[in-house]
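In what follows, a single structure is set out as structure tokens and then discussed.
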Amino acid sequence: MSCAACCVSGEPGRRLSRISFDPDAPTQVCLVADGLAMDAGCWYVVATGDGERVGRAASFSVPVLPVCADRAVGTVVRAATDGERDRAGQLAIISRDAMTYCRVRATELGLAMRPVSAVLPLERDVLLMTFAAEERVDFRELLRDLGRRTRRRVELRQIGVRDQAKTAGGWGPCGRTLCCATFMARFNSVTIRMAKAQNLSLSPSRISGMCGRLMCCLAHEATDFAPRPRRDPAP
């Protein structure tokens with residue numbers, strides 16, 4: 001099956017594609033190297049800021065919009081060899097084990113943090129882990145334990161709860177996939193006044209997203225539903 005359906009030209013000479021690095025996580029937008037032919041369902045090597053990763057071109061996915069080029073995680077550089085696919089599979093097993101261990105050990109240490117992702121690049125002997133937390137976390141002991149567990153250098157990176165929802169993905173109350181996990185290039189400021197202007201319920205459970213913050217779509221629709229100017233009654 002051709003990958004033309006999941007690629008789009010945001011600018012002349014630039015192509016984008018959605019790549020799946022983890023079947024349990026949302027697809028990621030990536031640039032496509034010039035002259036590289038892609039087919040949906042095939043495996044490719046993606047050069048990212050953290051190193052090379054192996055991912056699969058999405059067969060069926062949310063269309064890629066030109067604005068998504070601003071959130072591209074890397075560039076698809078070549079088709080993955082059998083050896084690279086095998087190594088990626090082995091690294092994925094280590095990453096999943098590290099995630100499980102991190103959750104258990106963080107609970108034992110009483111750390112208020114939620115592990116989100118673990119990545120082992122192909123050519124780097126380092127484990128990159130992200131976690132969500134409301135406040136700063138002293139994870140030094142956890143970092144040492146993870147290093148002994150994986151026998152690798154470990155980097156722990158803290159992200160916000162909105163970034164956690166973007167990474168994990170999911171569905172909103174509208175029945176569609178989360179805006180932050182599909183087309184949003186950055187998070188916009190959302191206020192309760194936007195909900196009031198649209199005459200929505202102010203109950204937190206009705207206007208909050210998976211991250212526990214106000215839903216991003218309130219900002220998307222704020223312009224269309226701006227409050228009308230008040231007219232004074234005729235004398």
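Residue names in the structure tokens use chain letters A, B, ... in the order shown, residue numbers from 1 in each chain, and ligand numbers from 1 in the order shown.
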
Counting only C-alpha atoms, which residues of stretch 14-114 of chain A fall within 8 Å of stretch 133-149 of chain A, and what is the closest atom pair for each with its distance in Å at one decimal, ordered by chain and rising number, as CSV?
```
residue,atom,partner,partner_atom,distance
A:Ala98,CA,A:Leu146,CA,7.1
A:Tyr101,CA,A:Leu146,CA,7.9
A:Cys102,CA,A:Leu146,CA,7.1
A:Arg105,CA,A:Leu142,CA,7.0
A:Ala106,CA,A:Leu142,CA,6.8
A:Leu109,CA,A:Leu142,CA,7.9
A:Leu111,CA,A:Val137,CA,7.0
A:Ala112,CA,A:Ala133,CA,6.5
A:Met113,CA,A:Ala133,CA,4.8
A:Arg114,CA,A:Ala133,CA,6.5
```

With N, CA and C atoms kept, could you save the residues just selected as a PDB file, in the first residue's frame?
```pdb
ATOM      1  N   ALA A  98      12.296  -1.256  31.893  1.00  0.00           N
ATOM      2  CA  ALA A  98      12.696  -0.076  32.658  1.00  0.00           C
ATOM      3  C   ALA A  98      11.486   0.741  33.095  1.00  0.00           C
ATOM      4  N   TYR A 101       9.813  -1.134  36.015  1.00  0.00           N
ATOM      5  CA  TYR A 101      10.636  -1.006  37.218  1.00  0.00           C
ATOM      6  C   TYR A 101      10.569   0.413  37.771  1.00  0.00           C
ATOM      7  N   CYS A 102      10.580   1.411  36.889  1.00  0.00           N
ATOM      8  CA  CYS A 102      10.541   2.807  37.324  1.00  0.00           C
ATOM      9  C   CYS A 102       9.246   3.103  38.079  1.00  0.00           C
ATOM     10  N   ARG A 105       9.517   1.280  41.545  1.00  0.00           N
ATOM     11  CA  ARG A 105      10.535   1.866  42.419  1.00  0.00           C
ATOM     12  C   ARG A 105      10.152   3.283  42.847  1.00  0.00           C
ATOM     13  N   ALA A 106       9.542   4.059  41.953  1.00  0.00           N
ATOM     14  CA  ALA A 106       9.114   5.413  42.317  1.00  0.00           C
ATOM     15  C   ALA A 106       8.069   5.370  43.428  1.00  0.00           C
ATOM     16  N   LEU A 109       9.776   4.608  46.702  1.00  0.00           N
ATOM     17  CA  LEU A 109      10.525   5.757  47.213  1.00  0.00           C
ATOM     18  C   LEU A 109       9.617   6.928  47.581  1.00  0.00           C
ATOM     19  N   LEU A 111       7.915   8.890  45.510  1.00  0.00           N
ATOM     20  CA  LEU A 111       8.090  10.011  44.591  1.00  0.00           C
ATOM     21  C   LEU A 111       6.783  10.300  43.860  1.00  0.00           C
ATOM     22  N   ALA A 112       6.357  11.556  43.870  1.00  0.00           N
ATOM     23  CA  ALA A 112       5.116  11.953  43.196  1.00  0.00           C
ATOM     24  C   ALA A 112       5.415  12.210  41.722  1.00  0.00           C
ATOM     25  N   MET A 113       5.558  11.139  40.951  1.00  0.00           N
ATOM     26  CA  MET A 113       5.889  11.242  39.539  1.00  0.00           C
ATOM     27  C   MET A 113       5.234  10.097  38.778  1.00  0.00           C
ATOM     28  N   ARG A 114       4.980  10.342  37.484  1.00  0.00           N
ATOM     29  CA  ARG A 114       4.350   9.336  36.637  1.00  0.00           C
ATOM     30  C   ARG A 114       5.234   9.106  35.407  1.00  0.00           C
TER      31      ARG A 114
END
```

### Task
Please return as an NGL selection string: the residues of stretch 2-229 of chain A that backbone DSSP assigns to strand (DSSP E).
:A and (7-11 or 14-20 or 28-32 or 43-48 or 51-57 or 74-79 or 114-119 or 126-132 or 153-159)

### Query
Closest to A:Ala40 among A:Ile19, A:Ala219, A:Val161, A:Leu127, using only C-alpha atoms?
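Smallest separation from A:Ala40 among the options: A:Ile19.
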
### Task
Apply DSSP to the structure's backbone, then extract all residues of stretch 58-235 of chain A labelled helix (DSSP H, G or I) and return them as a ChimeraX atom specification.
/A:66-71,82-108,140-150,161-168,179-181,192-197,204-207,217-220

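Between atom CA of A:Arg71 and atom CA of A:Ser20 the separation is 14.9 Å.
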
### Message
I'd like the contact shell of A:Val119 - 8 Å cut-off, only C-alpha atoms, skipping same-chain residues fewer than 6 positions apart - returned as number ranges by chain.
### Response
A: 92, 95, 127-129

What are the nearest atom pairs, with distances in Å to one decimal, for all residues of stretch 71-103 of chain A that come at most 9 Å from stretch 42-62 of chain A, using only C-alpha atoms, set out by chain and rising residue number as a Markdown table?
```
| residue | atom | partner | partner_atom | distance |
| --- | --- | --- | --- | --- |
| A:Val73 | CA | A:Thr48 | CA | 6.0 |
| A:Gly74 | CA | A:Thr48 | CA | 4.2 |
| A:Thr75 | CA | A:Ala47 | CA | 5.3 |
| A:Val76 | CA | A:Val46 | CA | 4.3 |
| A:Val77 | CA | A:Val46 | CA | 5.8 |
| A:Arg78 | CA | A:Val45 | CA | 5.5 |
| A:Ala79 | CA | A:Tyr44 | CA | 4.2 |
| A:Ala80 | CA | A:Tyr44 | CA | 4.5 |
| A:Thr81 | CA | A:Tyr44 | CA | 8.3 |
| A:Glu84 | CA | A:Val54 | CA | 7.4 |
| A:Arg85 | CA | A:Val54 | CA | 6.8 |
| A:Ala88 | CA | A:Val54 | CA | 6.3 |
```

### Task
Could you tell me which of A:Phe187, A:Ala197, A:Gly169, A:Ala37 comes closest to A:Arg213 if we count only C-alpha atoms?
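The answer is A:Phe187, which sits nearest to A:Arg213.
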
### Task
Just the residues within 10 Å of A:Ser117, please, counting only C-alpha atoms, with nothing from its chain fewer than 6 positions along; format it as a PyMOL selection string.
chain A and resi 22+25+95-96+98-99+128-132+157+164+167-168

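Using only C-alpha atoms, the nearest neighbour of A:Arg124 within the list A:Leu156, A:Arg87, A:Arg206, A:Arg103 is A:Arg87.
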
### Query
Of the candidates A:Gly209, A:Asn199, A:Thr150, A:Val29, which shows the shortest atom-to-atom distance to A:Arg162, using only C-alpha atoms?
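Once distances to A:Arg162 are computed over only C-alpha atoms, the minimum belongs to A:Gly209.
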